[in-house]
>>> print(open('protein_39.cif').read())   # mmCIF, C-alpha atoms and all ligand atoms
data_entry
loop_
_atom_site.group_PDB
_atom_site.id
_atom_site.type_symbol
_atom_site.label_atom_id
_atom_site.label_comp_id
_atom_site.auth_asym_id
_atom_site.auth_seq_id
_atom_site.Cartn_x
_atom_site.Cartn_y
_atom_site.Cartn_z
ATOM 1 C CA MET G 1 9.251 19.000 6.518
ATOM 2 C CA THR G 2 7.689 17.197 3.582
ATOM 3 C CA LEU G 3 7.160 13.500 4.379
ATOM 4 C CA LEU G 4 7.593 11.987 0.929
ATOM 5 C CA GLN G 5 9.151 13.378 -2.214
ATOM 6 C CA VAL G 6 8.975 11.343 -5.388
ATOM 7 C CA GLU G 7 11.047 12.861 -8.163
ATOM 8 C CA HIS G 8 11.018 11.875 -11.830
ATOM 9 C CA LEU G 9 10.357 8.192 -11.218
ATOM 10 C CA CYS G 10 10.515 6.076 -14.376
ATOM 11 C CA LYS G 11 9.997 2.354 -14.766
ATOM 12 C CA THR G 12 9.769 0.422 -18.010
ATOM 13 C CA TYR G 13 9.153 -3.306 -18.101
ATOM 14 C CA ASP G 14 10.795 -5.225 -20.865
ATOM 15 C CA ALA G 15 9.194 -8.179 -22.594
ATOM 16 C CA HIS G 16 10.789 -10.725 -20.267
ATOM 17 C CA HIS G 17 10.587 -8.775 -17.064
ATOM 18 C CA ASP G 18 9.649 -10.878 -14.076
ATOM 19 C CA ASP G 19 10.198 -8.645 -11.091
ATOM 20 C CA VAL G 20 9.251 -11.036 -8.364
ATOM 21 C CA GLY G 21 10.347 -14.322 -9.857
ATOM 22 C CA LEU G 22 6.772 -15.527 -10.090
ATOM 23 C CA GLU G 23 7.324 -18.291 -12.569
ATOM 24 C CA ASN G 24 9.924 -20.126 -10.513
ATOM 25 C CA GLY G 25 8.818 -18.765 -7.144
ATOM 26 C CA LYS G 26 12.315 -17.603 -6.300
ATOM 27 C CA GLY G 27 12.463 -13.780 -6.629
ATOM 28 C CA ASN G 28 15.622 -11.947 -5.711
ATOM 29 C CA ARG G 29 16.537 -11.172 -2.156
ATOM 30 C CA GLU G 30 15.331 -7.584 -2.258
ATOM 31 C CA ASN G 31 12.002 -8.676 -3.649
ATOM 32 C CA ALA G 32 11.669 -11.509 -1.203
ATOM 33 C CA LYS G 33 10.576 -9.037 1.424
ATOM 34 C CA ILE G 34 7.539 -6.877 1.417
ATOM 35 C CA ALA G 35 6.993 -4.192 3.999
ATOM 36 C CA GLY G 36 9.507 -5.956 6.208
ATOM 37 C CA VAL G 37 7.566 -9.211 6.055
ATOM 38 C CA LYS G 38 9.211 -12.251 4.513
ATOM 39 C CA ARG G 39 7.546 -13.290 1.246
ATOM 40 C CA THR G 40 6.732 -16.845 2.063
ATOM 41 C CA GLY G 41 4.379 -19.193 0.186
ATOM 42 C CA TRP G 42 1.181 -17.290 0.973
ATOM 43 C CA LEU G 43 2.603 -14.005 -0.266
ATOM 44 C CA ASN G 44 3.806 -15.667 -3.446
ATOM 45 C CA THR G 45 0.228 -16.793 -3.951
ATOM 46 C CA TRP G 46 -0.972 -13.221 -3.524
ATOM 47 C CA PHE G 47 1.471 -11.980 -6.111
ATOM 48 C CA LYS G 48 0.426 -14.678 -8.542
ATOM 49 C CA GLN G 49 -3.245 -13.805 -8.111
ATOM 50 C CA HIS G 50 -2.687 -10.074 -8.548
ATOM 51 C CA HIS G 51 -0.108 -9.869 -11.286
ATOM 52 C CA ASP G 52 -1.627 -11.399 -14.336
ATOM 53 C CA TYR G 53 0.344 -9.102 -16.559
ATOM 54 C CA ASN G 54 0.014 -8.505 -20.177
ATOM 55 C CA LYS G 55 3.743 -8.763 -20.757
ATOM 56 C CA GLN G 56 4.287 -6.657 -23.803
ATOM 57 C CA ALA G 57 7.634 -5.207 -24.850
ATOM 58 C CA GLY G 58 8.745 -1.961 -23.247
ATOM 59 C CA VAL G 59 5.749 -1.008 -21.132
ATOM 60 C CA ALA G 60 6.425 2.391 -19.518
ATOM 61 C CA ALA G 61 4.590 1.744 -16.285
ATOM 62 C CA LEU G 62 5.945 4.949 -14.703
ATOM 63 C CA ASN G 63 6.840 7.891 -16.885
ATOM 64 C CA ASP G 64 8.454 10.766 -14.980
ATOM 65 C CA VAL G 65 6.241 10.586 -11.908
ATOM 66 C CA SER G 66 6.821 13.356 -9.359
ATOM 67 C CA PHE G 67 4.760 14.350 -6.344
ATOM 68 C CA GLU G 68 4.994 15.245 -2.670
ATOM 69 C CA LEU G 69 3.046 14.017 0.298
ATOM 70 C CA GLN G 70 2.961 15.794 3.655
ATOM 71 C CA HIS G 71 2.879 14.344 7.180
ATOM 72 C CA GLY G 72 -0.641 13.348 8.163
ATOM 73 C CA GLU G 73 -1.967 13.830 4.643
ATOM 74 C CA CYS G 74 -3.989 11.403 2.550
ATOM 75 C CA VAL G 75 -3.387 11.554 -1.174
ATOM 76 C CA GLY G 76 -5.725 9.562 -3.394
ATOM 77 C CA LEU G 77 -4.370 7.915 -6.540
ATOM 78 C CA VAL G 78 -6.911 7.024 -9.203
ATOM 79 C CA GLY G 79 -6.703 5.883 -12.805
ATOM 80 C CA GLU G 80 -7.824 3.041 -15.004
ATOM 81 C CA SER G 81 -6.406 -0.450 -14.754
ATOM 82 C CA GLY G 82 -2.822 -0.596 -16.034
ATOM 83 C CA SER G 83 -2.124 3.110 -15.499
ATOM 84 C CA GLY G 84 0.790 2.352 -13.142
ATOM 85 C CA LYS G 85 -0.676 2.760 -9.653
ATOM 86 C CA SER G 86 0.541 -0.570 -8.276
ATOM 87 C CA THR G 87 3.939 -0.145 -9.904
ATOM 88 C CA LEU G 88 4.300 3.140 -8.057
ATOM 89 C CA ALA G 89 3.247 1.417 -4.828
ATOM 90 C CA ARG G 90 5.801 -1.361 -5.363
ATOM 91 C CA CYS G 91 8.575 1.165 -5.990
ATOM 92 C CA LEU G 92 7.643 3.008 -2.792
ATOM 93 C CA LEU G 93 7.744 -0.232 -0.827
ATOM 94 C CA GLY G 94 11.053 -1.219 -2.366
ATOM 95 C CA ILE G 95 9.594 -4.398 -3.830
ATOM 96 C CA GLU G 96 11.103 -3.261 -7.089
ATOM 97 C CA SER G 97 13.419 -0.465 -8.077
ATOM 98 C CA ALA G 98 12.745 2.309 -10.550
ATOM 99 C CA ASP G 99 14.914 2.769 -13.653
ATOM 100 C CA ARG G 100 15.352 6.443 -12.876
ATOM 101 C CA GLY G 101 14.274 8.937 -10.253
ATOM 102 C CA ARG G 102 14.470 9.505 -6.546
ATOM 103 C CA ILE G 103 12.352 8.796 -3.494
ATOM 104 C CA VAL G 104 13.020 10.818 -0.341
ATOM 105 C CA LEU G 105 11.254 9.946 2.895
ATOM 106 C CA ALA G 106 11.497 12.455 5.756
ATOM 107 C CA GLY G 107 14.618 13.952 4.236
ATOM 108 C CA GLU G 108 16.405 10.623 3.620
ATOM 109 C CA ALA G 109 16.913 8.916 0.275
ATOM 110 C CA PHE G 110 14.591 5.898 0.172
ATOM 111 C CA GLY G 111 14.767 3.422 -2.682
ATOM 112 C CA GLY G 112 14.195 4.829 -6.151
ATOM 113 C CA HIS G 113 16.729 4.060 -8.834
ATOM 114 C CA ALA G 114 19.383 1.463 -7.967
ATOM 115 C CA ARG G 115 19.194 2.095 -4.255
ATOM 116 C CA ARG G 116 18.564 -0.526 -1.637
ATOM 117 C CA ILE G 117 16.289 0.284 1.252
ATOM 118 C CA ARG G 118 17.813 -0.279 4.645
ATOM 119 C CA HIS G 119 15.874 -2.553 7.022
ATOM 120 C CA GLU G 120 15.263 0.250 9.536
ATOM 121 C CA GLN G 121 13.956 2.543 6.780
ATOM 122 C CA ARG G 122 11.627 -0.076 5.381
ATOM 123 C CA ARG G 123 9.416 -0.004 8.452
ATOM 124 C CA HIS G 124 8.318 3.541 7.652
ATOM 125 C CA ILE G 125 6.240 2.587 4.631
ATOM 126 C CA GLN G 126 3.700 -0.206 5.100
ATOM 127 C CA ILE G 127 0.889 -1.472 2.897
ATOM 128 C CA VAL G 128 -2.686 -2.705 3.220
ATOM 129 C CA PHE G 129 -3.729 -4.884 0.296
ATOM 130 C CA GLN G 130 -7.045 -5.309 -1.419
ATOM 131 C CA ASN G 131 -7.576 -8.904 -0.396
ATOM 132 C CA PRO G 132 -7.143 -9.565 3.330
ATOM 133 C CA THR G 133 -7.667 -13.293 2.869
ATOM 134 C CA ALA G 134 -4.606 -13.551 0.653
ATOM 135 C CA ALA G 135 -2.641 -11.181 2.887
ATOM 136 C CA LEU G 136 -2.963 -13.377 5.978
ATOM 137 C CA ASN G 137 -1.278 -16.738 6.237
ATOM 138 C CA PRO G 138 -4.135 -19.222 6.798
ATOM 139 C CA LYS G 139 -1.874 -21.441 8.913
ATOM 140 C CA LEU G 140 -1.014 -18.731 11.423
ATOM 141 C CA THR G 141 -3.154 -17.432 14.253
ATOM 142 C CA ILE G 142 -4.171 -13.779 14.199
ATOM 143 C CA ARG G 143 -1.741 -13.225 17.076
ATOM 144 C CA THR G 144 1.234 -14.575 15.109
ATOM 145 C CA SER G 145 0.366 -12.618 11.957
ATOM 146 C CA LEU G 146 -0.151 -9.437 13.932
ATOM 147 C CA LEU G 147 3.127 -9.733 15.766
ATOM 148 C CA ASP G 148 5.249 -10.516 12.719
ATOM 149 C CA PRO G 149 6.468 -6.953 11.975
ATOM 150 C CA TYR G 150 6.896 -6.243 15.688
ATOM 151 C CA ARG G 151 9.076 -9.347 16.101
ATOM 152 C CA GLN G 152 11.232 -8.257 13.190
ATOM 153 C CA TYR G 153 11.737 -4.739 14.467
ATOM 154 C CA GLY G 154 11.002 -5.107 18.179
ATOM 155 C CA HIS G 155 14.448 -4.340 19.556
ATOM 156 C CA GLN G 156 14.824 -1.216 17.408
ATOM 157 C CA LEU G 157 11.369 0.261 17.864
ATOM 158 C CA GLU G 158 10.644 3.493 19.625
ATOM 159 C CA LEU G 159 6.875 3.559 19.675
ATOM 160 C CA ASN G 160 4.783 6.584 20.565
ATOM 161 C CA HIS G 161 1.279 5.208 20.492
ATOM 162 C CA PHE G 162 1.476 1.501 21.299
ATOM 163 C CA HIS G 163 3.403 0.061 24.228
ATOM 164 C CA GLY G 164 5.579 -2.886 23.388
ATOM 165 C CA ASP G 165 6.288 -4.066 26.951
ATOM 166 C CA ASN G 166 5.121 -7.590 26.272
ATOM 167 C CA GLU G 167 3.764 -9.294 23.184
ATOM 168 C CA ASP G 168 0.376 -10.185 24.592
ATOM 169 C CA SER G 169 -0.545 -6.676 25.702
ATOM 170 C CA PHE G 170 0.884 -5.295 22.463
ATOM 171 C CA ALA G 171 -1.281 -7.608 20.337
ATOM 172 C CA ARG G 172 -4.349 -6.694 22.426
ATOM 173 C CA GLN G 173 -3.702 -2.975 21.978
ATOM 174 C CA LEU G 174 -3.492 -3.504 18.228
ATOM 175 C CA LEU G 175 -6.829 -5.289 18.061
ATOM 176 C CA GLU G 176 -8.431 -2.649 20.241
ATOM 177 C CA ALA G 177 -7.074 0.063 17.933
ATOM 178 C CA VAL G 178 -8.973 -1.496 15.043
ATOM 179 C CA GLU G 179 -12.042 -2.123 17.207
ATOM 180 C CA LEU G 180 -11.754 -5.898 17.347
ATOM 181 C CA SER G 181 -12.081 -8.040 20.436
ATOM 182 C CA PRO G 182 -8.808 -9.432 21.827
ATOM 183 C CA SER G 183 -10.645 -12.776 21.981
ATOM 184 C CA LEU G 184 -9.875 -13.110 18.244
ATOM 185 C CA LEU G 185 -6.132 -13.362 18.881
ATOM 186 C CA ASP G 186 -6.018 -17.140 18.921
ATOM 187 C CA ARG G 187 -8.317 -17.661 15.977
ATOM 188 C CA TYR G 188 -7.264 -18.406 12.409
ATOM 189 C CA PRO G 189 -8.105 -16.117 9.461
ATOM 190 C CA HIS G 190 -10.904 -18.393 8.172
ATOM 191 C CA GLN G 191 -12.703 -17.916 11.489
ATOM 192 C CA LEU G 192 -13.047 -14.158 10.853
ATOM 193 C CA SER G 193 -15.283 -12.200 8.485
ATOM 194 C CA GLY G 194 -13.743 -10.334 5.523
ATOM 195 C CA GLY G 195 -14.150 -7.011 7.334
ATOM 196 C CA GLN G 196 -12.505 -8.409 10.476
ATOM 197 C CA ARG G 197 -9.621 -9.809 8.417
ATOM 198 C CA GLN G 198 -9.063 -6.427 6.801
ATOM 199 C CA ARG G 199 -9.002 -4.827 10.249
ATOM 200 C CA VAL G 200 -6.300 -7.316 11.238
ATOM 201 C CA THR G 201 -4.163 -6.415 8.204
ATOM 202 C CA ILE G 202 -4.615 -2.733 9.030
ATOM 203 C CA ALA G 203 -3.565 -3.412 12.628
ATOM 204 C CA ARG G 204 -0.496 -5.266 11.365
ATOM 205 C CA ALA G 205 0.416 -2.403 9.019
ATOM 206 C CA ILE G 206 0.197 0.242 11.739
ATOM 207 C CA SER G 207 1.762 -1.921 14.465
ATOM 208 C CA ILE G 208 5.268 -0.600 13.955
ATOM 209 C CA GLU G 209 4.027 2.971 13.566
ATOM 210 C CA PRO G 210 5.058 3.686 9.989
ATOM 211 C CA LYS G 211 5.078 7.222 8.656
ATOM 212 C CA LEU G 212 3.172 6.280 5.521
ATOM 213 C CA VAL G 213 0.658 3.533 4.736
ATOM 214 C CA VAL G 214 -0.059 2.637 1.127
ATOM 215 C CA LEU G 215 -3.688 1.568 0.892
ATOM 216 C CA ASP G 216 -4.010 -0.511 -2.265
ATOM 217 C CA GLU G 217 -7.776 -0.726 -2.787
ATOM 218 C CA PRO G 218 -8.347 -1.642 0.868
ATOM 219 C CA THR G 219 -12.132 -1.817 0.578
ATOM 220 C CA ALA G 220 -12.497 -3.432 -2.846
ATOM 221 C CA SER G 221 -13.188 -6.949 -1.570
ATOM 222 C CA LEU G 222 -15.710 -5.896 1.082
ATOM 223 C CA ASP G 223 -19.472 -5.397 1.155
ATOM 224 C CA VAL G 224 -20.820 -1.845 1.281
ATOM 225 C CA ILE G 225 -21.361 -1.750 5.053
ATOM 226 C CA SER G 226 -17.869 -3.089 5.788
ATOM 227 C CA GLN G 227 -16.394 -0.665 3.240
ATOM 228 C CA ALA G 228 -17.886 2.313 5.063
ATOM 229 C CA ALA G 229 -16.721 0.980 8.423
ATOM 230 C CA ILE G 230 -13.150 0.422 7.172
ATOM 231 C CA LEU G 231 -13.003 3.929 5.679
ATOM 232 C CA GLN G 232 -14.222 5.339 8.971
ATOM 233 C CA LEU G 233 -11.579 3.345 10.839
ATOM 234 C CA LEU G 234 -8.808 4.480 8.485
ATOM 235 C CA ALA G 235 -9.838 8.116 8.959
ATOM 236 C CA GLN G 236 -9.807 7.664 12.721
ATOM 237 C CA LEU G 237 -6.376 5.971 12.779
ATOM 238 C CA LYS G 238 -4.946 8.669 10.535
ATOM 239 C CA GLN G 239 -6.040 11.220 13.088
ATOM 240 C CA GLU G 240 -4.920 9.291 16.175
ATOM 241 C CA LEU G 241 -1.543 8.122 14.890
ATOM 242 C CA GLY G 242 -0.760 11.062 12.596
ATOM 243 C CA LEU G 243 -0.448 8.671 9.644
ATOM 244 C CA ALA G 244 -0.101 9.673 6.027
ATOM 245 C CA TYR G 245 -1.808 7.573 3.346
ATOM 246 C CA LEU G 246 -1.365 7.001 -0.340
ATOM 247 C CA PHE G 247 -4.831 5.699 -1.134
ATOM 248 C CA ILE G 248 -5.039 3.755 -4.404
ATOM 249 C CA SER G 249 -8.566 3.032 -5.528
ATOM 250 C CA HIS G 250 -10.989 2.774 -8.415
ATOM 251 C CA ASP G 251 -13.737 3.926 -6.092
ATOM 252 C CA LEU G 252 -13.920 7.701 -6.487
ATOM 253 C CA ALA G 253 -16.445 8.049 -3.665
ATOM 254 C CA ALA G 254 -14.086 6.289 -1.240
ATOM 255 C CA VAL G 255 -11.132 8.332 -2.469
ATOM 256 C CA CYS G 256 -13.073 11.567 -2.016
ATOM 257 C CA LYS G 257 -14.129 10.568 1.460
ATOM 258 C CA LEU G 258 -10.625 9.951 2.798
ATOM 259 C CA SER G 259 -8.254 12.039 0.672
ATOM 260 C CA ASP G 260 -7.111 15.619 1.080
ATOM 261 C CA ARG G 261 -5.719 15.708 -2.440
ATOM 262 C CA ILE G 262 -6.170 13.464 -5.472
ATOM 263 C CA MET G 263 -3.800 12.534 -8.297
ATOM 264 C CA VAL G 264 -5.007 11.028 -11.560
ATOM 265 C CA MET G 265 -2.761 8.578 -13.414
ATOM 266 C CA LYS G 266 -2.867 7.551 -17.047
ATOM 267 C CA ASP G 267 -0.297 5.543 -19.008
ATOM 268 C CA GLY G 268 2.329 5.908 -16.290
ATOM 269 C CA CYS G 269 1.953 9.696 -15.951
ATOM 270 C CA ILE G 270 0.198 11.816 -13.376
ATOM 271 C CA VAL G 271 -2.036 13.782 -15.719
ATOM 272 C CA ASP G 272 -4.014 15.726 -13.149
ATOM 273 C CA ARG G 273 -3.885 16.652 -9.469
ATOM 274 C CA CYS G 274 -6.236 18.640 -7.303
ATOM 275 C CA VAL G 275 -7.628 19.088 -3.833
ATOM 276 C CA ARG G 276 -10.516 16.777 -3.133
ATOM 277 C CA ASP G 277 -13.305 19.291 -3.650
ATOM 278 C CA GLU G 278 -12.060 20.187 -7.114
ATOM 279 C CA LEU G 279 -12.216 16.668 -8.548
ATOM 280 C CA PHE G 280 -15.645 17.228 -10.039
ATOM 281 C CA ALA G 281 -14.932 20.752 -11.342
ATOM 282 C CA ASP G 282 -15.425 21.481 -15.066
ATOM 283 C CA GLU G 283 -11.882 22.716 -15.675
ATOM 284 C CA ARG G 284 -10.271 19.350 -14.847
ATOM 285 C CA HIS G 285 -8.094 17.416 -17.315
ATOM 286 C CA PRO G 286 -10.254 15.693 -19.989
ATOM 287 C CA TYR G 287 -9.205 12.271 -18.671
ATOM 288 C CA THR G 288 -10.313 13.192 -15.136
ATOM 289 C CA ARG G 289 -13.640 14.375 -16.522
ATOM 290 C CA GLU G 290 -13.994 11.055 -18.332
ATOM 291 C CA LEU G 291 -13.262 9.094 -15.139
ATOM 292 C CA VAL G 292 -15.713 11.199 -13.175
ATOM 293 C CA SER G 293 -18.403 10.886 -15.837
ATOM 294 C CA ILE G 294 -18.310 7.082 -15.904
ATOM 295 C CA PHE G 295 -18.297 6.875 -12.136
HETATM 296 N N1 LIG G 301 6.042 -7.328 -13.646
HETATM 297 C C1 LIG G 301 5.584 -6.799 -14.773
HETATM 298 N N2 LIG G 301 6.027 -7.235 -15.951
HETATM 299 C C2 LIG G 301 5.602 -6.674 -17.118
HETATM 300 N N3 LIG G 301 4.712 -5.668 -17.183
HETATM 301 C C3 LIG G 301 4.225 -5.199 -16.010
HETATM 302 C C4 LIG G 301 4.639 -5.729 -14.755
HETATM 303 N N4 LIG G 301 4.002 -5.033 -13.789
HETATM 304 C C5 LIG G 301 3.209 -4.133 -14.411
HETATM 305 N N5 LIG G 301 3.346 -4.233 -15.732
HETATM 306 C C6 LIG G 301 2.685 -3.383 -16.734
HETATM 307 O O1 LIG G 301 2.849 -2.039 -16.313
HETATM 308 C C7 LIG G 301 1.654 -1.291 -16.517
HETATM 309 C C8 LIG G 301 1.153 -0.729 -15.179
HETATM 310 O O2 LIG G 301 0.663 -1.808 -14.365
HETATM 311 P P1 LIG G 301 0.148 -1.583 -12.875
HETATM 312 O O3 LIG G 301 -0.130 -2.926 -12.276
HETATM 313 O O4 LIG G 301 1.085 -0.716 -12.155
HETATM 314 O O5 LIG G 301 -1.254 -0.800 -13.131
HETATM 315 P P2 LIG G 301 -2.415 -0.437 -12.118
HETATM 316 O O6 LIG G 301 -2.801 0.961 -12.414
HETATM 317 O O7 LIG G 301 -2.011 -0.734 -10.727
HETATM 318 O O8 LIG G 301 -3.573 -1.431 -12.549
HETATM 319 P P3 LIG G 301 -4.769 -2.063 -11.626
HETATM 320 O O9 LIG G 301 -5.648 -0.896 -11.267
HETATM 321 O O10 LIG G 301 -5.437 -3.036 -12.547
HETATM 322 O O11 LIG G 301 -4.138 -2.716 -10.439
HETATM 323 C C9 LIG G 301 0.665 -2.243 -17.190
HETATM 324 O O12 LIG G 301 0.765 -2.046 -18.582
HETATM 325 C C10 LIG G 301 1.180 -3.612 -16.796
HETATM 326 O O13 LIG G 301 0.853 -4.560 -17.780
#
>>> encode(input="protein_39.cif", output="structure tokens", more="lines below")
Ligand SMILES: Nc1ncnc2c1ncn2[C@@H]1O[C@H](COP(=O)(O)OP(=O)(O)OP(=O)(O)O)[C@@H](O)[C@H]1O
Amino acid sequence: MTLLQVEHLCKTYDAHHDDVGLENGKGNRENAKIAGVKRTGWLNTWFKQHHDYNKQAGVAALNDVSFELQHGECVGLVGESGSGKSTLARCLLGIESADRGRIVLAGEAFGGHARRIRHEQRRHIQIVFQNPTAALNPKLTIRTSLLDPYRQYGHQLELNHFHGDNEDSFARQLLEAVELSPSLLDRYPHQLSGGQRQRVTIARAISIEPKLVVLDEPTASLDVISQAAILQLLAQLKQELGLAYLFISHDLAAVCKLSDRIMVMKDGCIVDRCVRDELFADERHPYTRELVSIF
């Protein structure tokens, strides 16, 4: 069975749209949660840093976007800044709803137009952000941040890979899965390197064994060595846990390394799609050729 079906998704922002209540820090209740994690002060800060929008009237951020993603598959999503990649990610996570269209996850309606995502469904799509420093609450230990999704879903979880018998052994398993020492559990984010912090956010995202992880430029804030190591880790986890990824990136080399298929977005539309090895072929869409040529 297909894991994810996105059908005819449309989203237009009006001139006064403020989807997450950034100006007053309030946000509506649906938006106050991201990936099952409460949007507290630190997450507000992340949104503020990453959503410096050019708020023009009637921006069609998603214009009839349709695609499918299979279990265990990685689909890369590339396109210039403002093409709609993050909007698509936010619609998938239920942070905002589409104006039209349908999202079906493992055969069940999931978000999309005017549909709320149930708490137990929300666990199945998680996200890893670009900036691990902003994604971890500086006041919480690594242990507390790691265990947050588990504590929210603990009683309902049927895990296949990790064993949730007690919190300490669960947190240790998570760190081991991302090749970090359990001795980091009682440290704070500032006591870790950028690469280690990103490993922690990956561990947190996979902790409740989602079906799909949205990787929103997961290596963009890292040095070249850490980037390669994180890509290697993501490939390994995909294999071990049978995860599917939607991998959003400007880095075509990274996308090619991890993805089975690639979609190219421009002005809210998917203008091209291909298997990885065909991205550099001559017969690609002119926009894809342009992206490839400037890479
Ligand atoms: N909350 C919002 N209010 C108004 N306009 C928005 C909002 N969010 C996105 N947009 C607009 O929608 C379009 C798509 O933005 P989006 O952030 O999805 O692009 P992107 O491809 O993820 O860009 P980047 O690669 O820079 O992250 C842009 O024109 C953007 O200005």
>>> residues_around(input="protein_39.cif", residues="segment 83-87 of chain G", least_positions_apart="2", cutoff="7 Å", atoms="only C-alpha atoms", output="NGL selection string")
:G and (61-62 or 79-81 or 89-91 or 248 or 265-268)
>>> atom_distance(input="protein_39.cif", atom1="atom CA of Leu192 of chain G", atom2="atom CA of Leu243 of chain G")
26.1 Å
>>> closest_residue(input="protein_39.cif", among="G:Ala60, G:Cys74, G:Ile103, G:Leu215", to="Gln239 of chain G", atoms="all atoms listed in the file")
G:Cys74
>>> closest_residue(input="protein_39.cif", among="G:Gln227, G:Glu158, G:Cys269, G:Gly195", to="Lys11 of chain G", atoms="all atoms listed in the file")
G:Cys269
>>> atom_distance(input="protein_39.cif", atom1="atom CA of Ala205 of chain G", atom2="atom CA of Leu88 of chain G")
18.4 Å
>>> axis_aligned_box(input="protein_39.cif", around="ligand LIG 301 (chain G)", padding_each_side="5 Å", output="lines of an AutoDock Vina configuration file")
center_x = 0.2
center_y = -3.2
center_z = -14.5
size_x = 21.7
size_y = 18.3
size_z = 18.1
>>> resolve_selection(input="protein_39.cif", expression="the PyMOL selection byres (((chain G and resi 210) around 10) and not hetatm)", output="MDAnalysis selection string")
chainID G and resid 121:127 159 205:209 211:213 241:244
>>> closest_residue(input="protein_39.cif", among="G:Val264, G:Leu69, G:Ala235, G:Ala109", to="ligand LIG 301 (chain G)", atoms="all atoms listed in the file")
G:Val264
